[in-house]
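Have a look at the structure below, then the notes.
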Amino acid sequence: MDEQSSVDEQGVPSAQDASEVRDAREALDGDGRGAQGEAGGAGGAGGAGGERPEARLERAVRIAEQALIEFEIAVETFRVEVENFSRLHHQKLGPMYSRLDELDALIAEARAARTGDPEDLRRAQEARAVVMPMPGVEELFHDWIDSDGLSPEAAAMLTEQSVQPPKRVRPSDEARKLYRELARKAHPDLAQEEKERARREAFITRVNAAYGRGDEALLCELSKEWDAGPEPEAHRLSESDELYARLEWLAQRKELLTVIAKELEDSAIGAMLKMAPDDPDRLLEEIAEQLLAQVAQREAELGSMVQ
């Protein structure tokens with residue numbers, strides 16, 4: 001299937017991670033659903049070569065866990081790109097959009113003043129209303145809240161630190177590599193005990209935040225911290241019912257991630273990223289050039305009307 005297609009059969013986002021998302025999901029589908037049949041077929045005589053059914057099922061669970069982690073990594077990297085693109089889009093292009101709205105209002109008002117036509121007057125009023133609309137609650141807090149809570153800008157203001165917005169849409173290749181390695185090693189889904197899961201969740205939260213900022217230095221420090229941390233306790237072989245329950249949970253988690261991935265891609269920013277999946281930073285420059293051309297065109301039109 002073409003990796004540049006917008007959405008594949010299961011709604012996986014098409015960004016740089018599209019192939020990883022698809023491969024991980026397919027591995028989870030195949031090993032997750034097929035494992036139960038294989039394990040069931042291995043019963044009675046103990047399976048081929050005398051292998052215990054529980055051992056076969058245990059192996060299938062481990063494979064499904066790794067597939068799910070790869071899927072989550074791909075979805076998270078795409079989420080970071082969407083959020084960074086949204087933030088940079090607002091910061092860099094917001095003033096241009098505002099200028100276009102103002103010019104559209106001025107042109108409509110000039111036309112209405114010239115013609116006196118009731119329809120032109122109505123259009124002028126509508127154009128002016130777009131320039132400074134009354135903000136709703138979501139709009140008021142849009143730049144303060146992201147998927148992890150307070151946005152970096154809001155947190156920096158509350159702690160009196162300097163605001164450091166992302167400099168690019170996609171973190172560097174080295175940051176991506178470090179993030180993937182950390183996610184594979186420290187992912188909470190690999191924990192078997194609640195205490196270990198809580199430790200991993202707290203750690204991965206820090207990893208996600210560092211990756212969202214593209215902070216390579218901090219990701220390196222976190223990698224060293226994890227390697228020096230306590231080794232998780234060895235997990236004893238689970239009973240069949242526990243393993244089946246684990247497979248069911250993995251399948252449900254995969255379905256949830258599929259929904260999240262599709263929502264990301266179907267969003268306005270996700271759709272824009274699909275226009276240039278290999279170089280989203282360049283896309284911002286191209287949009288800026290287009291907006292500047294539109295501003296120049298509107299200014300020329302307005303100039304001809306008020307002469």
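For the structure tokens, the naming scheme is as follows: chains receive sequential letters (A, B, ...) according to their order of presentation, residues are indexed from 1 within each chain, and ligands are indexed from 1 in presentation order.
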Checklist line | Who sits within 12 Å of Leu292 (chain A), only C-alpha atoms, same chain under 4 positions skipped, as a PyMOL selection string | finding: chain A and resi 93+95-100+285-288+296-299
Each region 72-117 of chain A residue no farther than 7 Å from region 261-277 of chain A, nearest pair in Å, only C-alpha atoms, as CSV:
residue,atom,partner,partner_atom,distance
A:Val75,CA,A:Ala261,CA,6.0
A:Arg79,CA,A:Leu264,CA,6.9
A:Val82,CA,A:Gly270,CA,6.0
A:Ser86,CA,A:Ile269,CA,6.3
Residues as selected, C-alpha atoms, written as a PDB file, in the first residue's frame, can you do that?
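result-v3.pdb was written with the following content:
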ATOM      1  CA  VAL A  75       1.140   7.158  17.350  1.00  0.00           C
ATOM      2  CA  ARG A  79       0.899  13.249  18.080  1.00  0.00           C
ATOM      3  CA  VAL A  82       0.633  17.448  15.233  1.00  0.00           C
ATOM      4  CA  SER A  86      -0.234  23.429  15.557  1.00  0.00           C
TER       5      SER A  86
END
Next item on the list: Using only C-alpha atoms, determine which residues lie at most 12 Å from Arg206 (chain A), disregarding the query and same-chain residues fewer than 3 positions distant; provide the list as a PyMOL selection string.
Entry: chain A and resi 148+179+182-183+186+199-203+209-213+215+218-219+221-223+225-226
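Pairwise distance (CA of Glu301 (chain A), CA of Lys92 (chain A)) equals 24.7 Å.
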Notebook entry, point to check: Residues at most 12 Å from Asp120 (chain A), counting only C-alpha atoms, excluding those fewer than 3 positions away in the same chain, as a PyMOL selection string?
Noted result: chain A and resi 105+107-117+123-127
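Pairwise distance (CA of Lys185 (chain A), CA of Glu248 (chain A)) equals 22.4 Å.
Minimum atom-to-atom distances from A:Glu196, A:Asp227, A:Asp279, A:Glu181 to Ile73 (chain A) were compared using only C-alpha atoms, and the lowest value belongs to A:Glu181.
Comparing A:Arg176, A:Arg56, A:Arg62, A:Lys167 by their smallest distance to Gln91 (chain A), the closest is A:Lys167 (using only C-alpha atoms).
Nearest-residue note for Thr205 (chain A): choosing from A:Glu76, A:Glu242, A:Asp278, A:Glu119, the minimum distance belongs to A:Glu76, counting only C-alpha atoms.
In terms of minimum interatomic distance to Ala74 (chain A), A:Arg184 ranks closest within A:Gly229, A:Arg184, A:Arg168, A:Gln294, counting only C-alpha atoms.
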Check: Looking only at the backbone, which of the residues in region 62-300 of chain A does DSSP tag as helix (DSSP H, G or I), as JSON, numbers by chain?
Finding: {"A": [62, 63, 64, 65, 66, 67, 68, 69, 70, 71, 72, 73, 74, 75, 76, 77, 78, 79, 80, 81, 82, 83, 84, 85, 86, 87, 88, 89, 90, 91, 92, 93, 94, 95, 96, 97, 98, 99, 100, 101, 102, 103, 104, 105, 106, 107, 108, 109, 110, 111, 112, 113, 114, 115, 118, 119, 120, 121, 122, 123, 124, 125, 126, 127, 128, 129, 130, 131, 137, 138, 139, 140, 152, 153, 154, 155, 156, 157, 158, 173, 174, 175, 176, 177, 178, 179, 180, 181, 182, 183, 184, 185, 186, 188, 189, 190, 194, 195, 196, 197, 198, 199, 200, 201, 202, 203, 204, 205, 206, 207, 208, 209, 210, 211, 212, 216, 217, 218, 219, 220, 221, 222, 223, 224, 225, 226, 227, 228, 240, 241, 242, 243, 244, 245, 246, 247, 248, 249, 250, 251, 252, 253, 254, 255, 256, 257, 258, 259, 260, 261, 262, 263, 264, 265, 266, 268, 269, 270, 271, 272, 273, 280, 281, 282, 283, 284, 285, 286, 287, 288, 289, 290, 291, 292, 293, 294, 295, 296, 297, 298, 299, 300]}
